[in-house]
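Data first, discussion second: the structure below is written as structure tokens.
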Amino acid sequence: MDFLKSAVASAIAKGPPFPYTFGDKVDLDPSIWTLYNGTRREDGSNCSIFSFDISANRSALPLAKNALKKLRTLRHPGVIKVLDTVETDSYIYIATERLVPLSWHVKRKSLSPETAKWGLYSVAKTTRFINSDASSIHGNLKVASIYTSESGEWKLGGFEVLSNVKDDDAVIYRYGSVVPDSGRYTPPELANGGWDAIKKSPHHAVDSYDFGILIYEVFNGSFLGSDQLAQTKSIPPSMQASYKRLINANPKARLSAAHFLEQGLRTGSFFDSPLIKLTEGVDNLGVKSETERDAFLEDLDQLSDDFPEDFFKMKVLPELLKSVEFGGGGPKAFGVVMKIATKLSNEDFDTKVTPVVVRLFGNPDRAIRVCLLDNLPLMIDRLPQKVVNDKIFPQIVTGFTDLAPVVREQTLKSVLVIITKLSDRTINGDLLRYLAKTANDEQPGIRTNTTICLGKIAKYIGTSSRAKVLIAVFTRSLRDPFVHARNASLMALAVTVEYFSEEDCAARLIPAVSPLLIDKEKLIRDQANKTIDVYLQRIRKAQHDMPETVIPPETAQPRMSTPQPAEVAAASNSGSGSGAVAAAWAGWAISSFTNKLSSAAGEMQPNGAPSPVPTASGLSAPTSTTTPKRPTSSSASALHRQALKSPPPPTTPSMGDSFFADPEPQEDDTDAWGDMGDMDDSPAGAGDDNWGASSETLSRPSTSAKRSVSSSSKPAANSTPFGGEDDEPDFAGWLAAQAEKKKPLAGGSKALPKGLAKTGSGAGTTGTAKVGPSTTGVKKTLPISKKPTPAPVKKIDTKPKADVDDDDGWGDGW
């Protein structure tokens, strides 16, 4: 083999230029030619090369020269297409289209009945052309003379003895018997009377007989001799009658190829098949009328999958693409194109289909655009990512703003197909911008599909903007009046829960979904329940990873009256029923409130101005600038108050005023907490000092005496629960005062607060008031310390005292 290649190469080097490269040798039936696969040097395209070595087979030189002459001059679609020829004294080369011997398929019996009929139909037409139009005799019609092209079409060769009947000195008369293997295919009249007997018979008789043998060999796989021709079992029944007339022993009674075609093309006959109709109509598809084109495409679409793929790929597909792009083939033609393109290799698809698809997306025809979008799933895997992102997508987005709703809807559906071929920049830029428009489309179906689309492409959206985009679209769709749009939004929220934070789920999405739990449509209510369950599960799962509290631990000791969390938990666990829980809750609430009030220390001042010194007649001015000392106490409450001494008070009133303000207006704004003036009708007198309370009971001063700001730093009794800067809250006294205010006393005076007793002779007594145990209305309190005798009654002086005795009863009420 290598020697033969080198010999051929050296011969080419010595002869005229031959711009083709020899490849592998192709096995052939007995022939005067050697067949090679070749390539064209200029563009690398495939070809076949028939080579004849003159020195090695000089006796067959007339046959080779006759074949070369006829191939150059005879042009027909069913004849081998010649690309180039070279003839020298030592060799003859004929370069043709890439061919494969038909005998390969026949011997393997790989031809389907429809394909076999289609091939025989093509050979019959070529034979008719040779016999009728060219007035010639082929003389070598057999399987070895037929080849298949890259498109699968059957091409006729073997022109070694092809002769014109008008030529008296034709090659067929002298060299017909020299053709290899001619003995098996020779008609009986030539076998008996020699090749000159051709002149006595119709000139089509030889080719008709050989065509009959060809039919037998194609359907049976082999032919050994003329005695097998009577066996018609494998031949299609509709063809058997015509076949028998082709192999008739009487040459004058034989059916010509033209008549054989005529009988086969009758309605319901053996050549009346969709594949044959396709081959007839595809060549002139561009010039057909609209009705004829539609009928042709309808037949083409009904073809089964067992038809020759090569023919569709090489012959039908280019014609259909031209018809779609230029000839008005429309969506029907493109649908057939995609059916054929599924059988193409990726390389063939890139070279034959992709360029046309890119150009078609720029076509403004709506029917073409919808057809392209419908067939996009069939070709998206074949289209390169760069082509889709840079060339096709910019054309697709024009459909988002088209006036026709069907175009907008199909464009929206195509997003799911092309999303994997788009770059992140395109998705988070142009695509989301157009989807924002379709989310507000006037067509409810388009709005619904936009929600579905965003739910399915959520994983492709950038993480920085994904939650924001989805929440905006889905929550808006939840309020859509179209029931299916709301349902689509609920379903989309359920499947995209993983893309939202726990804060978004709890604060934004669950509140947005909740109104749909009572939607008028049961479909929406059911789906809303399912979606809510999904988000609640997400939140419960997040709760397991959250700390119990984020409040830092306090460094100071808590107030003695404040229940601690452990105590509350113990109370709620050990208590029986709701009473224990309520007690724990109430204790916590009151402790929290007193914590806030205990920080409101210091004297009350008007907002933005210092507190003025009262000069009213009811109040006595201090005669000394010495601040009276605060009584000390050995009780735990006093020690605790000293440990928790609050900073200077703010300039604004304490929260306690708003909570516990006296229902009646206070006229004296010197004391922000109010005074006792509203509780009696007597004129203001000297203030009593409350530091001298009994060790067992804390006596209240007479209602006729008002407290003086200068004489004492603590009020004796208040209509508010707080007496002064660091006083403990007296809720019991305050409540009693509020109740007594509403009960008028006999004689026009108001009742005294509970626990207070009058020591004077009348309401209008002035001067020094003596405070002592009252015989009526004395409030019993729990004593703190044991003393043998009650503390002596102290006289209240209006002037500030330089030194105040300790009172162990301070804070006994707490």
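Scheme for the structure tokens: letters A, B, ... for chains in order shown; per-chain residue numbers from 1; ligand numbers from 1 in order shown.
Within the 10 Å cut-off around stretch 345-348 of chain A, using only C-alpha atoms and omitting residues fewer than 4 positions from it on the same chain, the listed residues are Lys313, Met314, Ala341, Lys352, Val353, Thr354, Asp381, Arg382 and Leu383 of chain A.
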Residue neighbourhood A:Glu502, 8 Å, only C-alpha atoms, exclusion window fewer than 5 positions, as number ranges by chain: A: 538-539, 542
I need the chosen residues saved as a PDB file, in the first residue's frame, with C-alpha atoms.
ATOM      1  CA  ARG A 538     -37.387  27.722  58.687  1.00  0.00           C
ATOM      2  CA  ILE A 539     -37.793  30.160  61.587  1.00  0.00           C
ATOM      3  CA  ALA A 542     -33.147  29.194  63.206  1.00  0.00           C
TER       4      ALA A 542
END
Within 12 Å of A:Arg479 using only C-alpha atoms, minus same-chain residues under 4 positions, as an MDAnalysis selection string: chainID A and resid 447 472:475 483:490 512:516 519 524
Keeping all heavy atoms, export the residues of the selection given above as a compact mmCIF listing (two decimals), in the first residue's frame.
# COMPACT_ATOMS: atom_id res chain seq x y z
N ARG A 447 -48.05 38.11 33.74
CA ARG A 447 -47.62 38.39 35.11
C ARG A 447 -47.40 37.10 35.89
O ARG A 447 -46.43 36.96 36.64
CB ARG A 447 -48.67 39.26 35.82
CG ARG A 447 -48.89 40.61 35.19
CD ARG A 447 -49.62 41.55 36.15
NE ARG A 447 -50.90 41.03 36.60
CZ ARG A 447 -52.07 41.27 36.01
NH1 ARG A 447 -52.09 42.01 34.90
NH2 ARG A 447 -53.20 40.78 36.50
N ALA A 472 -39.56 41.77 46.32
CA ALA A 472 -40.34 42.82 45.66
C ALA A 472 -41.36 42.24 44.69
O ALA A 472 -42.53 42.65 44.67
CB ALA A 472 -39.39 43.77 44.94
N VAL A 473 -40.94 41.26 43.90
CA VAL A 473 -41.84 40.70 42.89
C VAL A 473 -42.90 39.81 43.53
O VAL A 473 -44.09 39.91 43.21
CB VAL A 473 -41.02 39.89 41.84
CG1 VAL A 473 -41.95 39.19 40.87
CG2 VAL A 473 -40.09 40.83 41.08
N PHE A 474 -42.50 38.95 44.45
CA PHE A 474 -43.45 38.00 45.02
C PHE A 474 -44.49 38.69 45.90
O PHE A 474 -45.67 38.34 45.86
CB PHE A 474 -42.70 36.94 45.83
CG PHE A 474 -41.84 36.03 44.99
CD1 PHE A 474 -40.84 35.25 45.56
CD2 PHE A 474 -42.01 35.96 43.62
CE1 PHE A 474 -40.05 34.43 44.79
CE2 PHE A 474 -41.21 35.14 42.84
CZ PHE A 474 -40.23 34.39 43.43
N THR A 475 -44.06 39.64 46.73
CA THR A 475 -45.04 40.32 47.57
C THR A 475 -46.01 41.15 46.75
O THR A 475 -47.17 41.29 47.12
CB THR A 475 -44.32 41.22 48.59
OG1 THR A 475 -43.43 42.11 47.90
CG2 THR A 475 -43.52 40.38 49.58
N VAL A 483 -56.24 35.21 40.37
CA VAL A 483 -56.06 34.17 41.37
C VAL A 483 -54.83 33.31 41.09
O VAL A 483 -54.09 32.94 42.02
CB VAL A 483 -57.34 33.29 41.45
CG1 VAL A 483 -57.64 32.64 40.11
CG2 VAL A 483 -57.19 32.24 42.54
N HIS A 484 -54.56 33.01 39.83
CA HIS A 484 -53.41 32.16 39.51
C HIS A 484 -52.09 32.90 39.73
O HIS A 484 -51.07 32.26 39.99
CB HIS A 484 -53.52 31.65 38.08
CG HIS A 484 -54.71 30.77 37.84
ND1 HIS A 484 -54.81 29.51 38.38
CD2 HIS A 484 -55.87 30.98 37.16
CE1 HIS A 484 -55.97 28.96 38.02
NE2 HIS A 484 -56.62 29.84 37.28
N ALA A 485 -52.11 34.21 39.62
CA ALA A 485 -50.90 34.97 39.92
C ALA A 485 -50.58 34.88 41.41
O ALA A 485 -49.41 34.71 41.81
CB ALA A 485 -51.07 36.42 39.49
N ARG A 486 -51.60 34.98 42.26
CA ARG A 486 -51.37 34.85 43.70
C ARG A 486 -50.90 33.43 44.04
O ARG A 486 -49.99 33.25 44.86
CB ARG A 486 -52.66 35.17 44.47
CG ARG A 486 -53.18 36.57 44.23
CD ARG A 486 -54.16 37.00 45.31
NE ARG A 486 -55.34 36.15 45.40
CZ ARG A 486 -56.43 36.29 44.67
NH1 ARG A 486 -56.49 37.26 43.75
NH2 ARG A 486 -57.48 35.50 44.83
N ASN A 487 -51.52 32.45 43.42
CA ASN A 487 -51.11 31.07 43.68
C ASN A 487 -49.67 30.82 43.23
O ASN A 487 -48.90 30.15 43.93
CB ASN A 487 -52.06 30.12 42.95
CG ASN A 487 -51.83 28.67 43.34
OD1 ASN A 487 -51.78 28.33 44.52
ND2 ASN A 487 -51.68 27.81 42.35
N ALA A 488 -49.30 31.38 42.08
CA ALA A 488 -47.93 31.21 41.60
C ALA A 488 -46.94 31.87 42.54
O ALA A 488 -45.85 31.35 42.79
CB ALA A 488 -47.80 31.80 40.20
N SER A 489 -47.31 33.02 43.09
CA SER A 489 -46.42 33.70 44.03
C SER A 489 -46.24 32.89 45.30
O SER A 489 -45.12 32.77 45.82
CB SER A 489 -46.98 35.08 44.35
OG SER A 489 -46.13 35.76 45.24
N LEU A 490 -47.32 32.30 45.81
CA LEU A 490 -47.20 31.47 47.01
C LEU A 490 -46.32 30.25 46.76
O LEU A 490 -45.48 29.89 47.60
CB LEU A 490 -48.60 31.03 47.46
CG LEU A 490 -49.50 32.12 48.04
CD1 LEU A 490 -50.92 31.59 48.23
CD2 LEU A 490 -48.95 32.62 49.38
N ALA A 512 -46.61 39.28 54.82
CA ALA A 512 -47.18 39.47 53.49
C ALA A 512 -48.08 38.30 53.09
O ALA A 512 -49.07 38.48 52.36
CB ALA A 512 -46.06 39.65 52.46
N VAL A 513 -47.74 37.11 53.55
CA VAL A 513 -48.52 35.93 53.18
C VAL A 513 -49.77 35.78 54.05
O VAL A 513 -50.80 35.25 53.62
CB VAL A 513 -47.64 34.66 53.26
CG1 VAL A 513 -48.45 33.39 53.01
CG2 VAL A 513 -46.50 34.74 52.26
N SER A 514 -49.70 36.27 55.27
CA SER A 514 -50.78 36.04 56.23
C SER A 514 -52.16 36.46 55.74
O SER A 514 -53.14 35.73 55.96
CB SER A 514 -50.46 36.75 57.55
OG SER A 514 -49.29 36.21 58.12
N PRO A 515 -52.33 37.61 55.06
CA PRO A 515 -53.68 37.96 54.60
C PRO A 515 -54.30 36.93 53.67
O PRO A 515 -55.53 36.83 53.60
CB PRO A 515 -53.48 39.31 53.89
CG PRO A 515 -52.24 39.88 54.50
CD PRO A 515 -51.38 38.72 54.82
N LEU A 516 -53.49 36.16 52.99
CA LEU A 516 -54.04 35.17 52.06
C LEU A 516 -54.58 33.94 52.79
O LEU A 516 -55.19 33.08 52.15
CB LEU A 516 -52.97 34.75 51.05
CG LEU A 516 -52.43 35.87 50.16
CD1 LEU A 516 -51.46 35.31 49.14
CD2 LEU A 516 -53.56 36.59 49.45
N ASP A 519 -58.12 34.28 52.22
CA ASP A 519 -58.49 34.66 50.85
C ASP A 519 -59.85 34.07 50.49
O ASP A 519 -60.27 33.04 51.05
CB ASP A 519 -57.42 34.16 49.88
CG ASP A 519 -57.54 34.79 48.51
OD1 ASP A 519 -58.29 34.24 47.67
OD2 ASP A 519 -56.91 35.83 48.28
N ILE A 524 -56.19 29.44 47.12
CA ILE A 524 -55.18 30.34 47.68
C ILE A 524 -55.02 30.07 49.17
O ILE A 524 -53.89 30.07 49.70
CB ILE A 524 -55.58 31.80 47.42
CG1 ILE A 524 -55.77 32.04 45.92
CG2 ILE A 524 -54.54 32.75 47.99
CD1 ILE A 524 -54.55 31.73 45.10
